[in-house]
Amino acid sequence: MAKSVVTDVVVSRRVLWIGAEAYPLNNIARATTVSVDPARRQAIARFLKSAVTVIVLTFVLLVVLPSDYQDGAVVVALVLLGLLVAQLGGVILSKTYYALVIETAGTPNTALVTTDRDLAHDLVRMIMEAIDNPQANFHQQVNNYIGQVGDNFSVSGTGNVGKARN
């Protein structure tokens with residue numbers, strides 16, 4: 001998740017604007033942040049399982065294959081292990097993202113996603129203070145990763161309602 005867009009967060013005339021989305025302040029019931037952590041544990045487990053499988057298969061191939069092909073089997077195994085390490089490193093080094101969630105009378109809405117935890121918490125505080133203060137105005141620019149984090153919903157077919165996760 002590397003791509004972000006700069007999004008304006010503005011409170012003006014009792015309306016919270018996050019990009020092109022408008023939330024009247026009197027309709028906001030709650031604002032909160034939710035951390036979106038990479039699936040590090042699952043990635044480590046997947047790596048260990050895959051690495052053990054590659055190593056065991058390599059040893060089996062070294063026993064079964066003629067000596068002419070054993071060097072090739074070792075090279076293929078090393079390449080596969082290298083790819084597994086690269087994949088694991090990508091997940092381990094991934095950033096934690098923080099979603100600003102706005103709750104109204106309807107369902108909660110992820111309004112923006114950022115890598116800056118303090119900024120996300122400050123936005124919640126500023127939004128809640130603006131609800132209590134009719135004169136409140138502020139403008140903040142945020143690197144927003146929206147559309148890259150969270151759930152993807154898919155509804156298709158007759159009578160089907162589904163939820164597919166990343």
# chains A, B, ... in the order shown; residues from 1 in each chain; ligands from 1
$ residues_around --residues "Val142 of chain A" --least-positions-apart "5" --cutoff "7 Å" --atoms "only C-alpha atoms" --output "count of residues only"
3
$ residues_around --residues "Phe47 of chain A" --least-positions-apart "4" --cutoff "9 Å" --atoms "only C-alpha atoms" --output "CSV table (one decimal) with all heavy atoms, in the first residue's frame"
chain,number,residue,atom,x,y,z
A,42,GLN,N,0.3,-14.1,10.4
A,42,GLN,CA,-0.1,-15.0,9.4
A,42,GLN,C,1.0,-15.2,8.3
A,42,GLN,O,1.3,-16.2,7.8
A,42,GLN,CB,-1.4,-14.5,8.7
A,42,GLN,CG,-2.6,-14.6,9.6
A,42,GLN,CD,-2.8,-13.3,10.4
A,42,GLN,OE1,-1.9,-12.5,10.6
A,42,GLN,NE2,-4.0,-13.2,10.9
A,43,ALA,N,1.7,-14.1,8.0
A,43,ALA,CA,2.8,-14.1,7.1
A,43,ALA,C,4.0,-15.0,7.6
A,43,ALA,O,4.6,-15.7,6.8
A,43,ALA,CB,3.3,-12.7,6.8
A,51,ALA,N,8.6,-22.7,3.7
A,51,ALA,CA,10.0,-22.9,3.8
A,51,ALA,C,10.3,-24.4,4.1
A,51,ALA,O,11.1,-25.0,3.5
A,51,ALA,CB,10.7,-22.0,4.7
A,52,VAL,N,9.6,-24.9,5.1
A,52,VAL,CA,9.7,-26.3,5.5
A,52,VAL,C,9.4,-27.2,4.3
A,52,VAL,O,10.1,-28.2,4.1
A,52,VAL,CB,8.9,-26.6,6.8
A,52,VAL,CG1,8.8,-28.1,7.0
A,52,VAL,CG2,9.5,-25.9,8.0
A,84,LEU,N,10.4,-16.4,-1.0
A,84,LEU,CA,9.6,-16.5,0.3
A,84,LEU,C,10.1,-15.4,1.3
A,84,LEU,O,9.3,-14.8,2.0
A,84,LEU,CB,9.7,-17.9,0.9
A,84,LEU,CG,8.9,-19.0,0.1
A,84,LEU,CD1,9.3,-20.3,0.7
A,84,LEU,CD2,7.4,-18.7,0.1
A,85,VAL,N,11.4,-15.3,1.4
A,85,VAL,CA,12.0,-14.3,2.3
A,85,VAL,C,11.6,-12.9,1.8
A,85,VAL,O,11.2,-12.0,2.7
A,85,VAL,CB,13.5,-14.4,2.4
A,85,VAL,CG1,14.2,-13.2,3.1
A,85,VAL,CG2,13.9,-15.7,3.1
A,87,GLN,N,8.9,-12.0,0.1
A,87,GLN,CA,7.5,-11.9,0.4
A,87,GLN,C,7.3,-11.6,1.9
A,87,GLN,O,6.5,-10.7,2.3
A,87,GLN,CB,6.7,-13.1,0.0
A,87,GLN,CG,5.2,-13.0,0.2
A,87,GLN,CD,4.5,-14.3,-0.2
A,87,GLN,OE1,5.1,-15.4,0.0
A,87,GLN,NE2,3.3,-14.2,-0.6
A,88,LEU,N,8.0,-12.3,2.8
A,88,LEU,CA,7.8,-12.1,4.2
A,88,LEU,C,8.3,-10.7,4.6
A,88,LEU,O,7.7,-10.0,5.4
A,88,LEU,CB,8.6,-13.2,5.0
A,88,LEU,CG,8.7,-13.0,6.5
A,88,LEU,CD1,7.3,-13.2,7.1
A,88,LEU,CD2,9.7,-14.0,7.1
$ atom_distance --atom1 "atom CA of Arg30 of chain A" --atom2 "atom CA of Glu103 of chain A"
5.0 Å
$ select_by_dssp --residues "chain A" --states "strand (DSSP E)" --output "MDAnalysis selection string"
chainID A and resid 5:12 15:18 21:24 30:36 97:103 109:114 138:144 152:154 162:164
$ closest_residue --among "A:Leu65, A:Pro108, A:Ala22, A:Thr32" --to "Arg125 of chain A" --atoms "only C-alpha atoms"
A:Thr32
